[in-house]
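The structure file run_11.txt is reproduced below (compact mmCIF, C-alpha atoms).
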# COMPACT_ATOMS: atom_id res chain seq x y z
CA MET A 480 16.60 -38.20 -13.05
CA SER A 481 15.46 -34.61 -12.52
CA SER A 482 17.42 -31.82 -14.18
CA TYR A 483 18.12 -30.38 -10.73
CA LYS A 484 19.78 -33.60 -9.48
CA ARG A 485 21.66 -33.99 -12.75
CA TYR A 486 22.94 -30.42 -12.36
CA LEU A 487 24.14 -31.14 -8.80
CA ILE A 488 26.09 -34.19 -9.95
CA ILE A 489 27.79 -32.16 -12.71
CA PHE A 490 28.63 -29.41 -10.24
CA ILE A 491 30.11 -31.87 -7.72
CA PHE A 492 32.18 -33.40 -10.52
CA LEU A 493 33.47 -29.96 -11.51
CA SER A 494 34.26 -29.25 -7.84
CA SER A 495 36.53 -32.27 -7.62
CA LEU A 496 38.12 -31.41 -10.96
CA PHE A 497 38.67 -27.82 -9.83
CA ALA A 498 40.32 -28.96 -6.59
CA LYS A 499 42.85 -30.90 -8.65
CA GLU A 500 43.43 -28.04 -11.09
CA VAL A 501 44.21 -25.57 -8.33
CA ASP A 502 47.15 -27.70 -7.38
CA LYS A 503 48.34 -27.94 -10.99
CA ASP A 504 48.41 -25.45 -13.83
CA PHE A 505 46.06 -22.49 -13.94
CA ASN A 506 42.90 -23.15 -16.01
CA GLU A 507 41.23 -19.90 -17.07
CA ASP A 508 38.06 -21.46 -18.46
CA LEU A 509 37.45 -23.43 -15.28
CA TYR A 510 37.96 -20.37 -13.09
CA ILE A 511 35.48 -18.42 -15.23
CA VAL A 512 32.87 -21.18 -14.94
CA TYR A 513 33.25 -21.21 -11.17
CA ALA A 514 33.28 -17.44 -10.77
CA LEU A 515 30.05 -17.08 -12.75
CA GLU A 516 28.44 -19.96 -10.88
CA TYR A 517 29.34 -18.47 -7.50
CA GLU A 518 27.82 -15.16 -8.62
CA ARG A 519 24.67 -16.93 -9.75
CA GLN A 520 24.41 -18.56 -6.33
CA GLY A 521 24.91 -15.20 -4.59
CA ASN A 522 28.33 -16.18 -3.24
CA THR A 523 29.92 -12.92 -4.39
CA ASN A 524 32.85 -13.14 -2.01
CA GLN A 525 34.05 -16.45 -3.46
CA ALA A 526 33.58 -15.07 -6.97
CA ARG A 527 35.68 -12.08 -5.95
CA PHE A 528 38.55 -14.36 -4.98
CA LEU A 529 38.37 -16.15 -8.33
CA TYR A 530 38.27 -12.91 -10.34
CA GLU A 531 41.40 -11.78 -8.53
CA LYS A 532 43.16 -15.03 -9.52
CA LEU A 533 41.92 -14.65 -13.08
CA TYR A 534 43.33 -11.14 -13.36
CA ASP A 535 46.64 -12.04 -11.71
CA ASN A 536 47.11 -14.87 -14.19
CA THR A 537 45.83 -13.23 -17.38
CA ASN A 538 46.08 -9.44 -16.94
CA ASN A 539 42.65 -9.31 -18.55
CA TYR A 540 41.19 -6.01 -17.32
CA GLU A 541 37.63 -7.31 -17.39
CA TYR A 542 38.52 -9.64 -14.51
CA TYR A 543 40.01 -6.74 -12.56
CA ILE A 544 36.86 -4.70 -12.92
CA ARG A 545 34.73 -7.66 -11.89
CA TYR A 546 36.98 -8.09 -8.86
CA LEU A 547 36.48 -4.45 -7.87
CA ARG A 548 32.72 -4.66 -8.29
CA ALA A 549 32.55 -7.83 -6.20
CA SER A 550 34.77 -6.29 -3.53
CA LEU A 551 32.54 -3.23 -3.38
CA ALA A 552 29.44 -5.39 -3.09
CA THR A 553 30.94 -7.41 -0.23
CA GLY A 554 32.37 -4.42 1.65
CA HIS A 555 36.07 -5.17 1.13
CA PHE A 556 36.94 -1.48 0.97
CA LYS A 557 40.50 -1.81 2.26
CA ASP A 558 41.28 -4.35 -0.46
CA ILE A 559 39.93 -1.97 -3.08
CA VAL A 560 42.03 0.97 -1.82
CA LYS A 561 45.10 -1.23 -1.87
CA LYS A 562 44.40 -2.71 -5.32
CA VAL A 563 43.63 0.53 -7.17
CA GLN A 564 46.88 2.32 -6.37
CA ASN A 565 48.55 1.13 -9.57
CA HIS A 566 45.42 1.76 -11.67
CA LEU A 567 44.84 5.49 -11.28
CA GLY A 568 46.87 6.80 -14.21
CA ASP A 569 45.34 8.70 -17.11
CA ASN A 570 45.98 5.89 -19.58
CA VAL A 571 44.19 3.25 -17.51
CA LYS A 572 41.14 1.51 -18.95
CA GLU A 573 37.85 2.08 -17.11
CA GLN A 574 39.43 4.95 -15.20
CA GLU A 575 36.07 6.60 -14.51
CA LEU A 576 34.61 3.47 -12.94
CA ILE A 577 37.76 2.78 -10.93
CA LEU A 578 37.82 6.31 -9.53
CA ARG A 579 34.16 6.03 -8.60
CA ILE A 580 34.65 2.71 -6.78
CA TYR A 581 37.78 4.09 -5.13
CA CYS A 582 35.89 7.15 -3.89
CA VAL A 583 33.04 5.12 -2.44
CA SER A 584 35.53 2.84 -0.68
CA LEU A 585 37.34 5.81 0.85
CA LEU A 586 34.06 7.19 2.11
CA ASN A 587 33.21 3.89 3.74
CA LEU A 588 36.63 3.94 5.43
CA ASN A 589 35.93 7.48 6.73
CA GLN A 590 38.79 8.90 4.63
CA THR A 591 36.58 11.82 3.63
CA ASP A 592 39.32 14.28 2.65
CA LYS A 593 40.89 11.78 0.28
CA ALA A 594 37.42 10.84 -1.01
CA LEU A 595 36.75 14.50 -1.76
CA GLU A 596 39.99 14.78 -3.70
CA VAL A 597 39.16 11.70 -5.76
CA ALA A 598 35.54 12.82 -6.37
CA GLN A 599 36.71 16.22 -7.59
CA LYS A 600 39.20 14.59 -9.96
CA LEU A 601 36.49 12.25 -11.17
CA LEU A 602 34.08 15.08 -11.92
CA THR A 603 36.74 17.25 -13.55
CA LYS A 604 37.52 14.50 -16.06
CA TYR A 605 34.05 12.98 -16.46
CA LYS A 606 31.14 15.38 -16.13
CA SER A 607 28.16 13.08 -15.77
CA ALA A 608 25.04 13.13 -13.58
CA LEU A 609 26.33 10.12 -11.65
CA ASN A 610 29.67 11.77 -10.89
CA TYR A 611 27.98 14.96 -9.71
CA GLU A 612 26.04 12.71 -7.36
CA VAL A 613 29.23 11.02 -6.14
CA LEU A 614 30.69 14.40 -5.18
CA ALA A 615 27.37 15.41 -3.60
CA ASN A 616 27.51 12.31 -1.40
CA VAL A 617 31.04 13.16 -0.29
CA TYR A 618 29.94 16.66 0.75
CA PHE A 619 26.94 15.15 2.52
CA VAL A 620 29.19 12.83 4.55
CA LYS A 621 31.38 15.84 5.36
CA LYS A 622 28.18 17.64 6.52
CA ASP A 623 28.56 20.40 3.97
CA TYR A 624 24.85 20.25 3.16
CA THR A 625 24.73 23.38 1.02
CA LYS A 626 27.35 22.04 -1.41
CA ALA A 627 25.78 18.57 -1.28
CA ALA A 628 22.41 20.04 -2.28
CA SER A 629 24.02 22.07 -5.05
CA TYR A 630 25.66 19.03 -6.64
CA PHE A 631 22.56 16.87 -6.24
CA GLU A 632 20.61 19.66 -7.91
CA THR A 633 22.97 19.67 -10.89
CA SER A 634 22.82 15.90 -11.13
CA TYR A 635 19.02 15.98 -11.06
CA SER A 636 18.90 18.63 -13.78
CA MET A 637 20.89 16.23 -15.98
CA ASN A 638 19.11 12.95 -15.31
CA ASN A 639 15.70 13.76 -13.74
CA SER A 640 16.20 10.64 -11.63
CA SER A 641 13.72 10.12 -8.80
CA ASN A 642 16.50 8.71 -6.59
CA THR A 643 18.63 11.80 -7.14
CA LEU A 644 15.64 14.01 -6.40
CA LEU A 645 14.93 12.18 -3.15
CA ASN A 646 18.51 12.80 -2.02
CA LEU A 647 18.17 16.49 -2.89
CA VAL A 648 14.77 16.79 -1.20
CA ASN A 649 15.93 15.08 1.99
CA ILE A 650 18.79 17.54 2.34
CA LEU A 651 16.64 20.58 1.57
CA TYR A 652 13.86 19.45 3.89
CA ALA A 653 15.71 17.91 6.82
CA TYR A 654 19.12 19.61 6.87
CA LEU A 655 18.71 23.05 5.27
CA ASN A 656 15.14 23.75 6.43
CA LYS A 657 14.10 24.68 2.89
CA LYS A 658 10.78 22.86 3.09
CA PRO A 659 8.83 24.91 0.51
CA GLU A 660 11.66 24.44 -2.00
CA ALA A 661 11.78 20.69 -1.35
CA LEU A 662 8.02 20.43 -1.75
CA ALA A 663 8.11 22.43 -4.98
CA TYR A 664 10.70 20.07 -6.45
CA LEU A 665 8.51 17.05 -5.68
CA GLU A 666 5.32 18.61 -7.00
CA THR A 667 7.01 19.73 -10.21
CA HIS A 668 8.54 16.28 -10.75
CA VAL A 669 5.13 14.62 -10.36
CA ARG A 670 3.53 17.02 -12.84
CA LEU A 671 6.28 16.51 -15.42
CA PHE A 672 7.18 12.85 -15.02
CA GLY A 673 4.26 11.17 -13.27
CA CYS A 674 3.84 9.49 -9.94
CA ASP A 675 6.90 7.38 -9.21
CA SER A 676 6.07 5.36 -6.09
CA ASN A 677 9.05 6.63 -4.08
CA ILE A 678 8.49 10.26 -5.03
CA CYS A 679 4.77 10.14 -4.32
CA SER A 680 5.34 8.35 -1.00
CA LYS A 681 7.70 11.14 0.02
CA LEU A 682 5.23 13.77 -1.13
CA ILE A 683 2.42 12.14 0.85
CA SER A 684 4.58 11.99 3.99
CA ILE A 685 5.25 15.74 3.71
CA TYR A 686 1.56 16.49 3.11
CA GLN A 687 0.67 14.35 6.14
CA GLU A 688 3.13 16.29 8.27
CA GLN A 689 1.49 19.51 7.04
CA ASN A 690 -2.01 18.07 7.43
CA ASN A 691 -2.67 18.90 3.78
CA VAL A 692 -5.58 16.57 2.98
CA ASP A 693 -6.15 18.04 -0.49
CA GLY A 694 -2.49 17.42 -1.34
CA ILE A 695 -2.67 13.82 -0.09
CA ILE A 696 -5.81 13.15 -2.13
CA SER A 697 -4.27 14.67 -5.25
CA VAL A 698 -1.17 12.44 -4.99
CA LEU A 699 -3.20 9.33 -4.19
CA LYS A 700 -5.36 9.94 -7.26
CA ARG A 701 -2.24 10.23 -9.42
CA SER A 702 -0.78 7.09 -7.84
CA TYR A 703 -4.00 5.18 -8.38
CA GLN A 704 -4.15 6.16 -12.06
CA THR A 705 -0.48 5.24 -12.52
CA TYR A 706 -0.92 1.78 -11.04
CA LYS A 707 -4.14 1.32 -12.99
CA ASN A 708 -2.46 2.24 -16.28
CA GLU A 709 0.40 -0.15 -15.47
CA ASP A 710 -2.10 -2.97 -14.74
CA ASN A 711 -0.63 -3.21 -11.24
CA GLU A 712 -3.87 -4.41 -9.69
CA ASP A 713 -2.47 -5.10 -6.23
CA MET A 714 -0.98 -1.62 -5.75
CA ALA A 715 -4.00 0.02 -7.40
CA ASN A 716 -6.32 -1.67 -4.88
CA LYS A 717 -4.12 -0.71 -1.92
CA THR A 718 -3.92 2.89 -3.10
CA TYR A 719 -7.68 2.99 -3.71
CA LYS A 720 -8.43 1.95 -0.12
CA VAL A 721 -6.27 4.72 1.31
CA LEU A 722 -7.64 7.24 -1.18
CA ILE A 723 -11.30 6.49 -0.48
CA SER A 724 -10.73 6.78 3.28
CA TYR A 725 -9.26 10.28 2.80
CA LEU A 726 -12.05 11.26 0.42
CA GLU A 727 -14.65 10.18 2.98
CA LYS A 728 -12.99 12.23 5.69
CA LYS A 729 -12.77 15.31 3.50
CA ASP A 730 -16.07 15.20 1.61
CA ILE A 731 -18.24 12.10 1.26
CA ASN A 732 -19.84 13.53 -1.88
CA GLU A 733 -16.42 13.77 -3.50
CA ALA A 734 -15.87 10.11 -2.60
CA ILE A 735 -19.18 9.26 -4.27
CA LEU A 736 -18.25 11.15 -7.44
CA PHE A 737 -14.91 9.34 -7.58
CA LEU A 738 -16.55 5.92 -7.20
CA GLU A 739 -19.23 6.74 -9.77
CA LYS A 740 -16.56 7.76 -12.27
CA GLU A 741 -14.18 4.85 -11.67
CA LYS A 742 -16.86 2.14 -11.28
CA LEU A 743 -14.50 0.10 -9.16
CA ASP A 744 -16.38 -0.57 -5.90
CA ASP A 745 -20.15 -0.64 -6.19
CA VAL A 746 -20.55 -2.20 -2.75
CA LYS A 747 -18.78 0.77 -1.18
CA LEU A 748 -20.80 3.13 -3.33
CA VAL A 749 -24.03 1.60 -2.03
CA SER A 750 -22.93 2.22 1.55
CA LEU A 751 -22.09 5.85 0.74
CA TYR A 752 -25.47 6.35 -0.94
CA LYS A 753 -27.11 5.10 2.25
CA ARG A 754 -25.00 7.35 4.45
CA THR A 755 -25.91 10.41 2.36
CA ASP A 756 -29.62 9.54 2.31
CA GLN A 757 -29.79 8.61 -1.37
CA PRO A 758 -31.87 5.41 -1.06
CA LEU A 759 -33.17 5.43 -4.65
CA LYS A 760 -29.62 5.45 -6.03
CA ALA A 761 -28.66 2.75 -3.54
CA LEU A 762 -31.67 0.63 -4.55
CA LYS A 763 -30.89 0.89 -8.27
CA LEU A 764 -27.28 -0.15 -7.70
CA VAL A 765 -28.16 -3.01 -5.31
CA ARG A 766 -30.62 -4.40 -7.85
CA LYS A 767 -27.85 -4.35 -10.46
CA LEU A 768 -25.46 -6.15 -8.10
CA TYR A 769 -28.07 -8.76 -7.17
CA LYS A 770 -28.77 -9.41 -10.83
CA GLN A 771 -25.05 -10.04 -11.36
CA ASP A 772 -24.41 -12.60 -8.61
CA GLY A 773 -27.71 -13.47 -6.86
CA ASN A 774 -26.31 -12.90 -3.38
CA VAL A 775 -29.22 -13.27 -0.92
CA ASP A 776 -27.71 -10.63 1.34
CA LEU A 777 -28.28 -8.17 -1.50
CA LEU A 778 -31.87 -9.39 -1.75
CA ALA A 779 -32.36 -8.39 1.89
CA GLN A 780 -30.94 -4.94 1.15
CA ILE A 781 -33.34 -4.63 -1.80
CA ALA A 782 -36.22 -5.47 0.52
CA ILE A 783 -35.15 -2.83 3.05
CA LEU A 784 -34.63 -0.14 0.41
CA GLU A 785 -37.89 -0.95 -1.40
CA PHE A 786 -39.74 -0.64 1.89
CA GLU A 787 -38.04 2.58 2.95
CA THR A 788 -38.47 4.32 -0.42
CA ALA A 789 -42.10 3.30 -0.93
CA ALA A 790 -44.61 6.16 -0.80
CA ASP A 791 -47.25 3.70 0.35
CA LYS A 792 -45.51 1.04 2.41
CA ARG A 793 -48.58 -1.20 2.59
CA LYS A 794 -48.49 -1.63 -1.19
CA VAL A 795 -45.00 -3.17 -1.03
CA LEU A 796 -45.42 -4.91 2.33
CA ASP A 797 -46.28 -8.39 1.01
CA ASN A 798 -43.44 -8.33 -1.51
CA VAL A 799 -40.93 -7.13 1.10
CA ILE A 800 -42.01 -9.84 3.58
CA LYS A 801 -41.69 -12.45 0.83
CA LYS A 802 -38.14 -11.34 0.11
CA PHE A 803 -37.18 -11.47 3.80
CA ASN A 804 -38.65 -14.94 4.18
CA GLU A 805 -36.54 -16.07 1.23
CA VAL A 806 -33.43 -14.50 2.74
CA LEU A 807 -33.94 -15.93 6.23
CA THR A 808 -34.30 -19.48 4.93
CA VAL A 809 -30.64 -19.13 3.91
CA LEU A 810 -29.14 -16.58 6.31
CA ASP A 811 -29.26 -16.61 10.10
CA ASN A 812 -28.85 -12.85 10.32
CA HIS A 813 -30.05 -10.94 13.39
CA VAL A 814 -30.33 -7.60 11.54
CA TYR A 815 -32.75 -9.05 9.01
CA GLN A 816 -34.59 -11.06 11.67
CA ASN A 817 -35.28 -7.91 13.65
CA TYR A 818 -36.22 -5.93 10.52
CA LEU A 819 -38.77 -8.51 9.39
CA GLY A 820 -39.99 -8.98 12.97
CA TYR A 821 -40.60 -5.27 13.44
CA ILE A 822 -42.51 -5.02 10.14
CA LEU A 823 -44.74 -7.93 11.12
CA ILE A 824 -45.39 -6.26 14.48
CA ASP A 825 -45.78 -2.64 13.39
CA TYR A 826 -48.18 -3.42 10.54
CA ASN A 827 -50.12 -5.98 12.57
CA VAL A 828 -49.38 -8.72 10.03
CA ASP A 829 -48.44 -11.39 12.60
CA ILE A 830 -47.35 -9.90 15.93
CA LYS A 831 -46.44 -13.21 17.59
CA LYS A 832 -44.38 -14.34 14.63
CA GLY A 833 -42.75 -10.92 14.54
CA LEU A 834 -41.82 -11.22 18.21
CA ALA A 835 -40.35 -14.66 17.53
CA TYR A 836 -38.04 -13.15 14.90
CA VAL A 837 -37.07 -10.36 17.31
CA GLU A 838 -36.29 -12.91 20.03
CA GLU A 839 -34.00 -14.74 17.60
CA ALA A 840 -32.20 -11.47 16.91
CA LEU A 841 -31.84 -10.75 20.63
CA LYS A 842 -30.21 -14.12 21.24
CA LYS A 843 -27.37 -12.98 19.03
CA ALA A 844 -27.27 -9.35 20.21
CA PRO A 845 -29.00 -9.16 23.61
CA ASN A 846 -28.02 -5.55 24.29
CA ASN A 847 -29.03 -4.10 20.95
CA ILE A 848 -31.31 -1.15 21.74
CA ALA A 849 -33.15 -1.34 18.40
CA TYR A 850 -34.03 -4.98 19.05
CA ILE A 851 -35.19 -4.22 22.60
CA ASP A 852 -37.37 -1.43 21.18
CA SER A 853 -38.90 -3.93 18.72
CA LYS A 854 -39.62 -6.35 21.54
CA ALA A 855 -41.20 -3.59 23.63
CA TRP A 856 -43.38 -2.56 20.69
CA GLY A 857 -44.46 -6.14 20.08
CA ASN A 858 -45.46 -6.58 23.71
CA TYR A 859 -47.36 -3.31 23.57
CA LYS A 860 -49.29 -4.60 20.56
CA LEU A 861 -50.13 -7.75 22.55
CA LYS A 862 -51.24 -5.57 25.50
CA ASN A 863 -48.38 -6.81 27.71
CA CYS A 864 -47.98 -3.24 28.94
CA LYS A 865 -45.84 -3.87 32.04
CA ILE A 866 -43.34 -5.91 30.05
CA ALA A 867 -43.40 -3.32 27.30
CA TYR A 868 -42.85 -0.48 29.81
CA LYS A 869 -39.87 -2.20 31.44
CA LEU A 870 -38.23 -2.84 28.07
CA MET A 871 -38.95 0.62 26.70
CA LYS A 872 -37.63 2.35 29.82
CA LYS A 873 -34.32 0.57 29.25
CA VAL A 874 -34.26 1.95 25.71
CA VAL A 875 -35.07 5.52 26.81
CA ASP A 876 -32.56 5.43 29.65
CA GLU A 877 -29.91 4.33 27.19
CA VAL A 878 -30.49 6.61 24.19
CA GLY A 879 -32.96 9.27 25.29
CA LEU A 880 -35.90 10.61 23.28
CA SER A 881 -34.21 12.32 20.35
CA ASP A 882 -35.54 9.73 17.87
CA SER A 883 -39.17 10.42 16.87
CA GLU A 884 -40.11 6.74 16.67
CA ILE A 885 -38.74 6.05 20.14
CA ARG A 886 -40.68 9.07 21.47
CA MET A 887 -43.89 7.74 19.96
CA HIS A 888 -43.31 4.24 21.33
CA TRP A 889 -42.53 5.58 24.78
CA LYS A 890 -45.63 7.76 24.82
CA LYS A 891 -47.93 4.91 23.75
CA ILE A 892 -46.37 2.39 26.13
CA LYS A 893 -46.56 4.79 29.11
CA GLU A 894 -50.23 5.40 28.38
CA CYS A 895 -50.81 1.67 28.14
CA SER A 896 -49.02 0.95 31.42
CA LYS A 897 -51.20 3.44 33.32
CA LYS A 898 -54.46 1.77 32.31

Whole structure given in structure tokens:
Amino acid sequence: MSSYKRYLIIFIFLSSLFAKEVDKDFNEDLYIVYALEYERQGNTNQARFLYEKLYDNTNNYEYYIRYLRASLATGHFKDIVKKVQNHLGDNVKEQELILRIYCVSLLNLNQTDKALEVAQKLLTKYKSALNYEVLANVYFVKKDYTKAASYFETSYSMNNSSNTLLNLVNILYAYLNKKPEALAYLETHVRLFGCDSNICSKLISIYQEQNNVDGIISVLKRSYQTYKNEDNEDMANKTYKVLISYLEKKDINEAILFLEKEKLDDVKLVSLYKRTDQPLKALKLVRKLYKQDGNVDLLAQIAILEFETAADKRKVLDNVIKKFNEVLTVLDNHVYQNYLGYILIDYNVDIKKGLAYVEEALKKAPNNIAYIDSKAWGNYKLKNCKIAYKLMKKVVDEVGLSDSEIRMHWKKIKECSKK
């Protein structure tokens, strides 16, 4: 029998035993067992009922405190207010906690004046960061935001808690219009205590509102390092993605420097090298990646980069074609089909075979202007000038003549069509 089923049987047995005991003499041990079990199951309200019975029958103050905590958790504020009346004297155990729970209950019942009186008494007797915060919350509910901020500020100076700071910042920023002061608090906290996720999220939201990209990047870098140091891989990856997008928008070279330093996304780094016209760096990195995992897609990128960086393209032509042939036996990729096709056409290696590759690419992307240009150029090489002219005109009408290669193709094909 599984331990889970065995546990259920024991619990059912205790249930029947408990039902009998309720009708007979009070059994403290049994009540404790049930109260703790209800709490474990998340049935706090039933546990609350049992703690009340335990206190009524034993006068053990621990049960009374547990009853109050359970009542607070389940929102039984009226019961709390009623139950604490005889437990507010100076010689009462746990007076500080009782006053705090009493105050919170009064606030939830909208008895704000009474809550203020209790909070002031609480703070007078017990000067702690938490009690300053209790009084701050009372003033906040009463919409006295200046006093609320003042007490939150004192509490924060005592505990440096991020939650306390967020309360203070929200009041300064949203209710007192002291935005620079709120921002200064957050920035100082991050410098002194690091990038707590809640604090840094708040800081980023303010920077976003102010369109402060440098500020956002600074916080994201701190957050990334924090998650990295904590070995929180999931949050580090999520933060990295947001960070790199902001770095790209601000300065792509800064994004490259970050990736080079962190060595965390070589694939992304390759794409940035390509975008910034650094093909030799891209080639070196792609070769390293291909050596690591043998991905044929990387082999195709090596072929492209080797071809584009070669001073004499004819010297590398055979090797590049060989690589593409190897890739295309595995991948049915229209980008690589067109690239190989165009090389075969442009360098007069095998024009018909090149056109066949281009046609395969066009089946997958029939409106791709680059592929149509390749087809036009192949037909020009085969002296099919009318076909070439019709295709090339479509390209020119679509993208114009700003590209030098398209201008050259158009000039040659027009000349051919007039003959």

Subject >> Non-local contacts of Glu632 in chain A (9 Å; only C-alpha atoms; under 5 positions in same chain excluded) as a list in words >> reply: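 Listing them by chain and then by number gives Tyr611, Glu612, Ala627, Met637, Thr643, Leu644 and Leu647 of chain A.
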
Original post:
Excluding same-chain residues fewer than 5 positions from Lys842 in chain A, what lies within 12 Å of it counting all atoms listed in the file, as a PyMOL selection string?
Top reply: chain A and resi 811-814+816-817+835-837+847+850-851

**OP:** Please identify all polymer residues within 12 Å of Gln689 in chain A, counting all atoms listed in the file, omitting same-chain residues fewer than 5 positions from it, and present them as a list in words.
**Re:**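 Residues meeting the cut-off are Lys658, Pro659, Leu662, Leu682, Ile683, Ser684, Gly694 and Ile695 of chain A.
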
**OP:** Dump as number ranges by chain all residues having an atom at most 10 Å from (-55.7, -8.6, 15.5), computed in the file's coordinates with all atoms listed in the file.
**Re:** A: 827-830, 860-861

Original post:
What is the CA of Tyr510 in chain A to CA of Ile544 in chain A distance in Å?
Top reply: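 Interatomic distance, CA of Tyr510 in chain A to CA of Ile544 in chain A: 15.7 Å.
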
Name all residues at most 12 Å from range 793-798 of chain A (count only C-alpha atoms; drop same-chain ones fewer than 3 positions away) and give them as a PDB file with C-alpha atoms, in the coordinates of the input.
ATOM      1  CA  LEU A 778     -31.870  -9.390  -1.750  1.00  0.00           C
ATOM      2  CA  ALA A 779     -32.360  -8.390   1.890  1.00  0.00           C
ATOM      3  CA  ILE A 781     -33.340  -4.630  -1.800  1.00  0.00           C
ATOM      4  CA  ALA A 782     -36.220  -5.470   0.520  1.00  0.00           C
ATOM      5  CA  ILE A 783     -35.150  -2.830   3.050  1.00  0.00           C
ATOM      6  CA  LEU A 784     -34.630  -0.140   0.410  1.00  0.00           C
ATOM      7  CA  GLU A 785     -37.890  -0.950  -1.400  1.00  0.00           C
ATOM      8  CA  PHE A 786     -39.740  -0.640   1.890  1.00  0.00           C
ATOM      9  CA  GLU A 787     -38.040   2.580   2.950  1.00  0.00           C
ATOM     10  CA  THR A 788     -38.470   4.320  -0.420  1.00  0.00           C
ATOM     11  CA  ALA A 789     -42.100   3.300  -0.930  1.00  0.00           C
ATOM     12  CA  ALA A 790     -44.610   6.160  -0.800  1.00  0.00           C
ATOM     13  CA  LYS A 801     -41.690 -12.450   0.830  1.00  0.00           C
ATOM     14  CA  LYS A 802     -38.140 -11.340   0.110  1.00  0.00           C
ATOM     15  CA  PHE A 803     -37.180 -11.470   3.800  1.00  0.00           C
ATOM     16  CA  ASN A 804     -38.650 -14.940   4.180  1.00  0.00           C
ATOM     17  CA  GLU A 805     -36.540 -16.070   1.230  1.00  0.00           C
ATOM     18  CA  LEU A 819     -38.770  -8.510   9.390  1.00  0.00           C
ATOM     19  CA  ILE A 822     -42.510  -5.020  10.140  1.00  0.00           C
ATOM     20  CA  LEU A 823     -44.740  -7.930  11.120  1.00  0.00           C
ATOM     21  CA  ASP A 825     -45.780  -2.640  13.390  1.00  0.00           C
ATOM     22  CA  TYR A 826     -48.180  -3.420  10.540  1.00  0.00           C
ATOM     23  CA  ASN A 827     -50.120  -5.980  12.570  1.00  0.00           C
ATOM     24  CA  VAL A 828     -49.380  -8.720  10.030  1.00  0.00           C
TER      25      VAL A 828
END

Original post:
Closest to Asp744 in chain A among A:Lys893, A:Lys562, A:Arg701, A:Lys720, using all atoms listed in the file?
Top reply: A:Lys720

Original post:
Rounded to one decimal in Å, what is the spacing between CA of Leu777 in chain A and CA of Val806 in chain A?
Top reply: 9.2 Å

Original post:
CA of Tyr581 in chain A and CA of Val563 in chain A, how far apart in Å?
Top reply: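 We find that CA of Val563 in chain A and CA of Tyr581 in chain A lie 7.1 Å from each other.
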
Subject >> Residues within 10 Å of Asp745 in chain A, only C-alpha atoms, excluding chain neighbours under 2 positions, as a PyMOL selection string >> reply: chain A and resi 738-739+741-743+747-751+761+764-765+767-768

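Shortest atom-to-atom contact with Gln564 in chain A among A:Leu551, A:Ile577, A:Val721, A:Leu529: A:Ile577, counting only C-alpha atoms.
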